[in-house]
$ cat data.pdb   # PDB, C-alpha atoms
ATOM      1  CA  MET A   1       5.017 -17.935   7.086  1.00  0.00           C
ATOM      2  CA  ARG A   2       7.062 -16.086   4.437  1.00  0.00           C
ATOM      3  CA  THR A   3       3.904 -15.241   2.497  1.00  0.00           C
ATOM      4  CA  VAL A   4       2.204 -13.804   5.566  1.00  0.00           C
ATOM      5  CA  LEU A   5       5.240 -11.671   6.386  1.00  0.00           C
ATOM      6  CA  LEU A   6       5.435 -10.366   2.817  1.00  0.00           C
ATOM      7  CA  LEU A   7       1.706  -9.576   2.817  1.00  0.00           C
ATOM      8  CA  VAL A   8       2.021  -7.658   6.093  1.00  0.00           C
ATOM      9  CA  ALA A   9       5.133  -5.836   4.858  1.00  0.00           C
ATOM     10  CA  GLY A  10       3.445  -5.003   1.544  1.00  0.00           C
ATOM     11  CA  TRP A  11       0.257  -3.617   3.077  1.00  0.00           C
ATOM     12  CA  THR A  12       2.236  -1.708   5.715  1.00  0.00           C
ATOM     13  CA  SER A  13       4.456  -0.188   3.049  1.00  0.00           C
ATOM     14  CA  ILE A  14       1.443   0.812   0.943  1.00  0.00           C
ATOM     15  CA  ALA A  15      -0.275   2.387   3.957  1.00  0.00           C
ATOM     16  CA  MET A  16       2.847   4.334   4.910  1.00  0.00           C
ATOM     17  CA  GLY A  17       3.334   5.397   1.284  1.00  0.00           C
ATOM     18  CA  VAL A  18      -0.216   6.726   1.065  1.00  0.00           C
ATOM     19  CA  LEU A  19       0.230   8.633   4.327  1.00  0.00           C
ATOM     20  CA  LEU A  20       3.541  10.150   3.216  1.00  0.00           C
ATOM     21  CA  LEU A  21       2.493  10.906  -0.367  1.00  0.00           C
ATOM     22  CA  PRO A  22       1.250  14.477   0.274  1.00  0.00           C
ATOM     23  CA  LEU A  23       4.396  15.465   2.182  1.00  0.00           C
ATOM     24  CA  PRO A  24       7.088  17.450   0.363  1.00  0.00           C
ATOM     25  CA  THR A  25       9.704  14.712   0.863  1.00  0.00           C
ATOM     26  CA  PRO A  26       9.695  12.088  -1.898  1.00  0.00           C
ATOM     27  CA  LEU A  27       9.198   9.070   0.362  1.00  0.00           C
ATOM     28  CA  GLY A  28       5.561   8.206  -0.294  1.00  0.00           C
ATOM     29  CA  LEU A  29       5.753   7.003  -3.879  1.00  0.00           C
ATOM     30  CA  PRO A  30       8.766   4.681  -3.428  1.00  0.00           C
ATOM     31  CA  LEU A  31       7.170   3.129  -0.334  1.00  0.00           C
ATOM     32  CA  PHE A  32       3.914   2.635  -2.204  1.00  0.00           C
ATOM     33  CA  LEU A  33       5.688   1.015  -5.171  1.00  0.00           C
ATOM     34  CA  VAL A  34       7.735  -1.327  -2.982  1.00  0.00           C
ATOM     35  CA  GLY A  35       4.571  -2.391  -1.167  1.00  0.00           C
ATOM     36  CA  ALA A  36       2.770  -3.004  -4.456  1.00  0.00           C
ATOM     37  CA  GLY A  37       5.719  -5.072  -5.684  1.00  0.00           C
ATOM     38  CA  LEU A  38       5.683  -7.181  -2.538  1.00  0.00           C
ATOM     39  CA  LEU A  39       1.955  -7.807  -2.882  1.00  0.00           C
ATOM     40  CA  LEU A  40       2.295  -8.707  -6.560  1.00  0.00           C
ATOM     41  CA  MET A  41       5.015 -11.160  -5.619  1.00  0.00           C
ATOM     42  CA  VAL A  42       2.865 -13.180  -3.203  1.00  0.00           C
ATOM     43  CA  SER A  43      -0.740 -12.692  -4.377  1.00  0.00           C
ATOM     44  CA  PRO A  44      -1.831 -14.649  -7.470  1.00  0.00           C
ATOM     45  CA  THR A  45      -5.183 -12.835  -7.487  1.00  0.00           C
ATOM     46  CA  LEU A  46      -3.553  -9.394  -7.490  1.00  0.00           C
ATOM     47  CA  ARG A  47      -1.068 -10.560 -10.112  1.00  0.00           C
ATOM     48  CA  ALA A  48      -3.917 -11.719 -12.395  1.00  0.00           C
ATOM     49  CA  TRP A  49      -5.756  -8.423 -11.874  1.00  0.00           C
ATOM     50  CA  PHE A  50      -2.612  -6.419 -12.675  1.00  0.00           C
ATOM     51  CA  LYS A  51      -2.002  -8.483 -15.815  1.00  0.00           C
ATOM     52  CA  GLN A  52      -5.544  -7.727 -16.952  1.00  0.00           C
ATOM     53  CA  TRP A  53      -5.070  -4.038 -16.113  1.00  0.00           C
ATOM     54  CA  ARG A  54      -1.894  -3.945 -18.193  1.00  0.00           C
ATOM     55  CA  ARG A  55      -3.788  -5.419 -21.166  1.00  0.00           C
ATOM     56  CA  GLY A  56      -6.325  -2.609 -20.971  1.00  0.00           C
ATOM     57  CA  HIS A  57      -3.807   0.176 -20.381  1.00  0.00           C
ATOM     58  CA  ARG A  58      -1.141  -0.356 -23.014  1.00  0.00           C
ATOM     59  CA  PRO A  59       0.562   3.075 -22.714  1.00  0.00           C
ATOM     60  CA  ALA A  60       1.077   2.563 -18.962  1.00  0.00           C
ATOM     61  CA  SER A  61       2.277  -0.986 -19.575  1.00  0.00           C
ATOM     62  CA  ASP A  62       4.766   0.252 -22.170  1.00  0.00           C
ATOM     63  CA  THR A  63       6.054   2.817 -19.670  1.00  0.00           C
ATOM     64  CA  LEU A  64       6.606   0.019 -17.145  1.00  0.00           C
ATOM     65  CA  LEU A  65       8.572  -1.893 -19.764  1.00  0.00           C
ATOM     66  CA  ARG A  66      10.819   1.111 -20.393  1.00  0.00           C
ATOM     67  CA  PHE A  67      11.650   1.464 -16.688  1.00  0.00           C
ATOM     68  CA  GLU A  68      11.834  -2.259 -15.968  1.00  0.00           C
ATOM     69  CA  ARG A  69      15.597  -2.457 -16.529  1.00  0.00           C
ATOM     70  CA  LEU A  70      16.149   0.087 -13.738  1.00  0.00           C
ATOM     71  CA  LEU A  71      14.283  -1.967 -11.136  1.00  0.00           C
ATOM     72  CA  PRO A  72      15.724  -4.552  -8.746  1.00  0.00           C
ATOM     73  CA  LYS A  73      15.733  -8.151 -10.002  1.00  0.00           C
ATOM     74  CA  TRP A  74      12.928  -9.327  -7.710  1.00  0.00           C
ATOM     75  CA  LEU A  75      10.636  -6.597  -9.026  1.00  0.00           C
ATOM     76  CA  ARG A  76      11.654  -7.204 -12.659  1.00  0.00           C
ATOM     77  CA  ASP A  77      10.800 -10.898 -12.271  1.00  0.00           C
ATOM     78  CA  THR A  78       7.441 -10.013 -10.702  1.00  0.00           C
ATOM     79  CA  LEU A  79       6.596  -7.569 -13.489  1.00  0.00           C
ATOM     80  CA  ASP A  80       7.615 -10.142 -16.071  1.00  0.00           C
ATOM     81  CA  LYS A  81       4.938 -12.478 -14.660  1.00  0.00           C
ATOM     82  CA  THR A  82       2.319  -9.773 -15.270  1.00  0.00           C
ATOM     83  CA  HIS A  83       3.338  -8.996 -18.854  1.00  0.00           C
ATOM     84  CA  PRO A  84       0.250  -9.188 -21.072  1.00  0.00           C
TER      85      PRO A  84
END
$ encode --input "data.pdb" --output "structure tokens"
Amino acid sequence: MRTVLLLVAGWTSIAMGVLLLPLPTPLGLPLFLVGAGLLLMVSPTLRAWFKQWRRGHRPASDTLLRFERLLPKWLRDTLDKTHP
């Protein structure tokens, strides 16, 4: 049940983030990132894809590592699982 709720919350947050992204208020990107974090937390397939993506895009992966200490613990733990 928890997984289903997190999947619904993640996809809803991503959809709202995409809709709000072009607006002048900075709400779209944080919503999108929270949704992506929720999906990475519960989806092994997405986590494996993201790990592979990080292997191929080292500069972006290094940027994530620099900002990782600023993120909440649940998101840091999720990103740690996708470290190449």
$ resolve_selection --input "data.pdb" --expression "the PyMOL selection byres ((chain A and resi 72-76) around 12)" --output "JSON list (two decimals) with C-alpha atoms, in the frame of the given file"
[["chain", "number", "residue", "atom", "x", "y", "z"],
["A", 33, "LEU", "CA", 5.69, 1.01, -5.17],
["A", 34, "VAL", "CA", 7.74, -1.33, -2.98],
["A", 35, "GLY", "CA", 4.57, -2.39, -1.17],
["A", 36, "ALA", "CA", 2.77, -3.00, -4.46],
["A", 37, "GLY", "CA", 5.72, -5.07, -5.68],
["A", 38, "LEU", "CA", 5.68, -7.18, -2.54],
["A", 39, "LEU", "CA", 1.96, -7.81, -2.88],
["A", 40, "LEU", "CA", 2.30, -8.71, -6.56],
["A", 41, "MET", "CA", 5.01, -11.16, -5.62],
["A", 42, "VAL", "CA", 2.86, -13.18, -3.20],
["A", 64, "LEU", "CA", 6.61, 0.02, -17.14],
["A", 65, "LEU", "CA", 8.57, -1.89, -19.76],
["A", 66, "ARG", "CA", 10.82, 1.11, -20.39],
["A", 67, "PHE", "CA", 11.65, 1.46, -16.69],
["A", 68, "GLU", "CA", 11.83, -2.26, -15.97],
["A", 69, "ARG", "CA", 15.60, -2.46, -16.53],
["A", 70, "LEU", "CA", 16.15, 0.09, -13.74],
["A", 71, "LEU", "CA", 14.28, -1.97, -11.14],
["A", 77, "ASP", "CA", 10.80, -10.90, -12.27],
["A", 78, "THR", "CA", 7.44, -10.01, -10.70],
["A", 79, "LEU", "CA", 6.60, -7.57, -13.49],
["A", 80, "ASP", "CA", 7.62, -10.14, -16.07],
["A", 81, "LYS", "CA", 4.94, -12.48, -14.66],
["A", 82, "THR", "CA", 2.32, -9.77, -15.27],
["A", 83, "HIS", "CA", 3.34, -9.00, -18.85]]
$ axis_aligned_box --input "data.pdb" --around "range 72-75 of chain A" --padding-each-side "8 Å" --output "AutoDock Vina command-line options"
--center_x 13.2 --center_y -6.9 --center_z -8.9 --size_x 21.1 --size_y 20.8 --size_z 18.3
$ closest_residue --input "data.pdb" --among "A:Pro84, A:Ser43, A:Trp53, A:Gly28" --to "Thr3 in chain A" --atoms "all atoms listed in the file"
A:Ser43
$ atom_distance --input "data.pdb" --atom1 "CA of Lys51 in chain A" --atom2 "CA of Ala9 in chain A"
22.0 Å
$ atom_distance --input "data.pdb" --atom1 "CA of Ser13 in chain A" --atom2 "CA of Pro30 in chain A"
9.2 Å
$ atom_distance --input "data.pdb" --atom1 "CA of Arg47 in chain A" --atom2 "CA of Leu6 in chain A"
14.5 Å
